[in-house]
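Shown next, in C-alpha cells, is the structure this report addresses.
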Amino acid sequence: MDDFDWAVILRSAGFLGHGLALSALLVAVASLGGLGLGTGLALVRLVAPRGVGAIVAGYVAVLRSVPLILVLFWFYFLLPIATGRPVSALGSALTAFVLFEAAFYCEIVRAGIAGVPQGQRLAAMATGLRGWQALRLVILPQAARAMVPVLLNQVILVFQDTSLVYVVSLRDFLTTANIVATRDGRPLEMYGTVAVTYLVLCLGGTLLIRLRSA
Amino acid sequence: MIEISPMIEIDGVQKWFGARQVLHDCSTVVAAGEVVVVCGPSGSGKSTLVKCVNGLEPFQGGHIRVDGISVGARGTDLPRLRTRVGMVFQSFDLYPHMSVLDNVSLAQIHVLKRGRAEARSRSEALLARVGLADKISARPAQLSGGQQQRVCIARALAMDPAAMLFDEPTSALDPEMVQEVLEVMQALAAGGMTMMVVTHEMGFARRVADRAVFMDHGRILEDTPIGEFFAGARTERARQFLAKVLTH
C-alpha cells in the first residue's frame, strides 16, 4: 500500500463531487417522486373501480418485473419519440427512475395500509368520518409509521441503483470515479473511495432506520 | 297509554353474504330511551344486525329507520346519520397514534366542525364522566382494556348521539374489567340513552335492559320484555341458550 496515492482523490474531489451531486439528485427525485406517485397509485388501487385498479396492478407488475437498466434505456430512446421533442439524458433518467420507483412504493404503501387493522376504519366511520377523512386522519398516519423503515430501505436501494445511469451517458458518482480511475490509472484509490463513500452513506442510512424503528 | 316515538325501526331486514342469507326478515322497534339487549348464540347474526343499523353493513331487503331517517335509502348521508348513532365495538379500536383526548376530539373537530377549545372541554367532561379524567394525555397503549373501552364510549358520546349501539363491548375484556364498562353503560341507560346492546352479560341485561331480542340463525325468535324473557322464554332455543349462559 506504499504507493496508495491520496493526492489523486483530493485532486479529483471536485469532479467526484459533481458525480455525487447527480446521484443525490437522482435519489431525491426518484424517492420523493416515486413515493408521491406510488402513494397515488396505491390509493387508486384501494378506491378505484376494479377495471382501473387492474390497470394499475398491471403497471406495477410490469415495472417490477423488468430490470431498471432496461427502463432507463426505454425512456432514453422512447421519451423523445413519445413527446416529439428532444429530451435530455437527465430528464429521461429522472422520468424513468420516478416511474420505476413508483411501482415499488405503490406496493410498500399498499402493504402499509393493509397492515392497519380493519377495525380502525370501522371505528372512524362509526363516528361519522367520511372515507377519505378516515384514510387521511386515521389510516395513513398509522400506515406511515409502519412504513418508515421500509421506505428508508428503498432509498438506500435507489442510491445504489443510481450508478446504472451510466448507460445513458450520465455521470453519477461511480461513473466519475470510473473515469478518473481509467484516466489516471488509479483504480484502487478510486474504487476504494467509491466503496467507502457508499458504505458510509448506506450504513449511516441503515443506522438511521434502526434508530427510528427502535 | 303515552305515545312512544320509535328511535330505531328495523322492518323485515334481509341480508346475504354472497349466497348465504345471514338475516331473515328481522323486525323490531327500539323506542326512544329504551334499552334493548340482543342476545343469541355466536353466528346468530346479532352483530350483523346492529351494524346494519348505522349502515356499516349493507342489507338487501327491508327497511331500517333511525330517528326517522332511512338507513338503506340511496340519498341518505350515512356519515351524517352515524353521528346520530354512536357505536362501540368488541375490539376497543382506539386510534393508537393519538392521545386519549385526541381520540375523543377527532370527529368533533372534523365532522361536527367544533373548534378545538370547545372539542377539548367537551372531551374532558366526557372522559370525567367515564371516570378517566386523569388519562386525557395518555396513549391508548398505556390504558387497560376496560379503560380503553370506556374511552371508546366517550368517543362515541362526543357526537351527541340520539342512540348508542354496543357490539359485545365486554367480550374481549379480562373478567375483572367487565364491571367498570358495564357500570358506565348502566349510568348511560339511567340517563335515558336509547341503547341496543349485543351482549352475553345476562346480569347486565336483567338489571338494565327493558327488552330482550333473542336471535338464532339470522332470525329474531323472541322479542319480549326482559322480565318475561328470564322468567320463561317462549322458544326452546332461547331456553337452551339461557341455561348455558346463566349456569356459566
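Residue numbering restarts at 1 in every chain; chains get A, B, ... in the order shown in the C-alpha cells, and ligands count up from 1 in that same order.
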Sorted by chain and rising residue number, which residues of chain A lie within 7 Å of chain B, and what are their closest atom pairs and distances in Å to one decimal, counting only C-alpha atoms, as a Markdown table?
| residue | atom | partner | partner_atom | distance |
| --- | --- | --- | --- | --- |
| A:Gly119 | CA | B:Asp93 | CA | 6.0 |
| A:Gln120 | CA | B:Asp93 | CA | 5.8 |
| A:Ala123 | CA | B:Asp93 | CA | 6.2 |
| A:Met125 | CA | B:Pro79 | CA | 6.9 |
| A:Ala126 | CA | B:Arg82 | CA | 5.8 |
| A:Thr127 | CA | B:Thr83 | CA | 5.7 |
| A:Gly128 | CA | B:Pro79 | CA | 4.2 |
| A:Leu129 | CA | B:Val111 | CA | 6.1 |
| A:Arg130 | CA | B:Pro79 | CA | 6.0 |
| A:Val138 | CA | B:Tyr95 | CA | 6.8 |
| A:Gln142 | CA | B:His97 | CA | 6.6 |
Discussion item. Considering only strand (DSSP E) as DSSP defines it on the backbone, what residues of range 6-153 of chain B qualify? List them as a ChimeraX atom specification.
Written reply: /B:6-17,20-31,35-39,61-66,69-70,85-88
Kindly export the residues of the current selection with C-alpha atoms, as a short mmCIF file (atom, residue, chain, number, x, y, z; two decimals), in the first residue's frame.
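The result, stored in out_29.cif:
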data_model
loop_
_atom_site.label_atom_id
_atom_site.label_comp_id
_atom_site.auth_asym_id
_atom_site.auth_seq_id
_atom_site.Cartn_x
_atom_site.Cartn_y
_atom_site.Cartn_z
CA PRO B 6 -89.58 4.99 17.82
CA MET B 7 -85.84 5.73 17.66
CA ILE B 8 -84.74 2.65 15.73
CA GLU B 9 -87.17 0.82 13.46
CA ILE B 10 -85.98 -2.41 11.91
CA ASP B 11 -88.52 -3.73 9.46
CA GLY B 12 -88.20 -7.02 7.57
CA VAL B 13 -84.43 -6.79 7.12
CA GLN B 14 -82.82 -9.40 4.88
CA LYS B 15 -79.11 -9.73 4.38
CA TRP B 16 -76.93 -12.04 2.37
CA PHE B 17 -73.19 -12.63 2.44
CA ARG B 20 -75.66 -17.28 2.26
CA GLN B 21 -78.55 -15.49 3.92
CA VAL B 22 -77.46 -14.21 7.34
CA LEU B 23 -80.50 -12.14 8.31
CA HIS B 24 -84.03 -13.42 7.70
CA ASP B 25 -86.89 -10.94 7.88
CA CYS B 26 -85.70 -9.27 11.09
CA SER B 27 -88.05 -6.73 12.64
CA THR B 28 -88.03 -4.87 15.93
CA VAL B 29 -88.54 -1.36 17.19
CA VAL B 30 -86.46 0.41 19.81
CA ALA B 31 -88.31 3.31 21.40
CA VAL B 35 -82.55 -0.31 26.29
CA VAL B 36 -82.73 -3.48 24.22
CA VAL B 37 -80.35 -6.37 24.69
CA VAL B 38 -79.70 -8.51 21.64
CA CYS B 39 -78.53 -11.98 22.54
CA GLY B 61 -84.11 -6.26 1.89
CA GLY B 62 -86.40 -4.43 4.29
CA HIS B 63 -86.02 -1.05 5.92
CA ILE B 64 -84.19 0.48 8.87
CA ARG B 65 -85.04 3.96 10.11
CA VAL B 66 -83.06 5.78 12.74
CA ILE B 69 -84.11 8.65 8.58
CA SER B 70 -83.97 5.63 6.28
CA VAL B 85 -75.99 6.73 16.41
CA GLY B 86 -72.84 6.06 18.38
CA MET B 87 -71.24 2.64 18.20
CA VAL B 88 -68.87 0.77 20.47
#
Item to complete: Tell me, in Å to one decimal, how far CA of Leu63 in chain A is from CA of Phe100 in chain A.
Response: 6.0 Å
Practice prompt. List every residue of range 120-203 of chain A that DSSP, applied to the backbone, labels as alpha helix (DSSP H), and write the result as an MDAnalysis selection string.
Written response: chainID A and resid 120:126 131:133 140:161 173:184 187:203
Worksheet entry | Atomic distance CA of Val194 in chain A - CA of Leu174 in chain A, expressed in Å with one decimal |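 CA of Leu174 in chain A lies at a distance of 6.5 Å from CA of Val194 in chain A.
Of note, CA of Leu140 in chain A and CA of Ala114 in chain A are spaced 10.2 Å apart.
When only C-alpha atoms are used to measure the gap to Phe241 in chain B, the shortest distance among B:Gly33, B:Gly40, B:Gly18, B:Gly192 belongs to B:Gly40.
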Worksheet entry | Who sits within 7 Å of range 119-128 of chain B, only C-alpha atoms, same chain under 5 positions skipped, as an MDAnalysis selection string | chainID B and resid 101 104:105 108:109 114 133 151 154 158
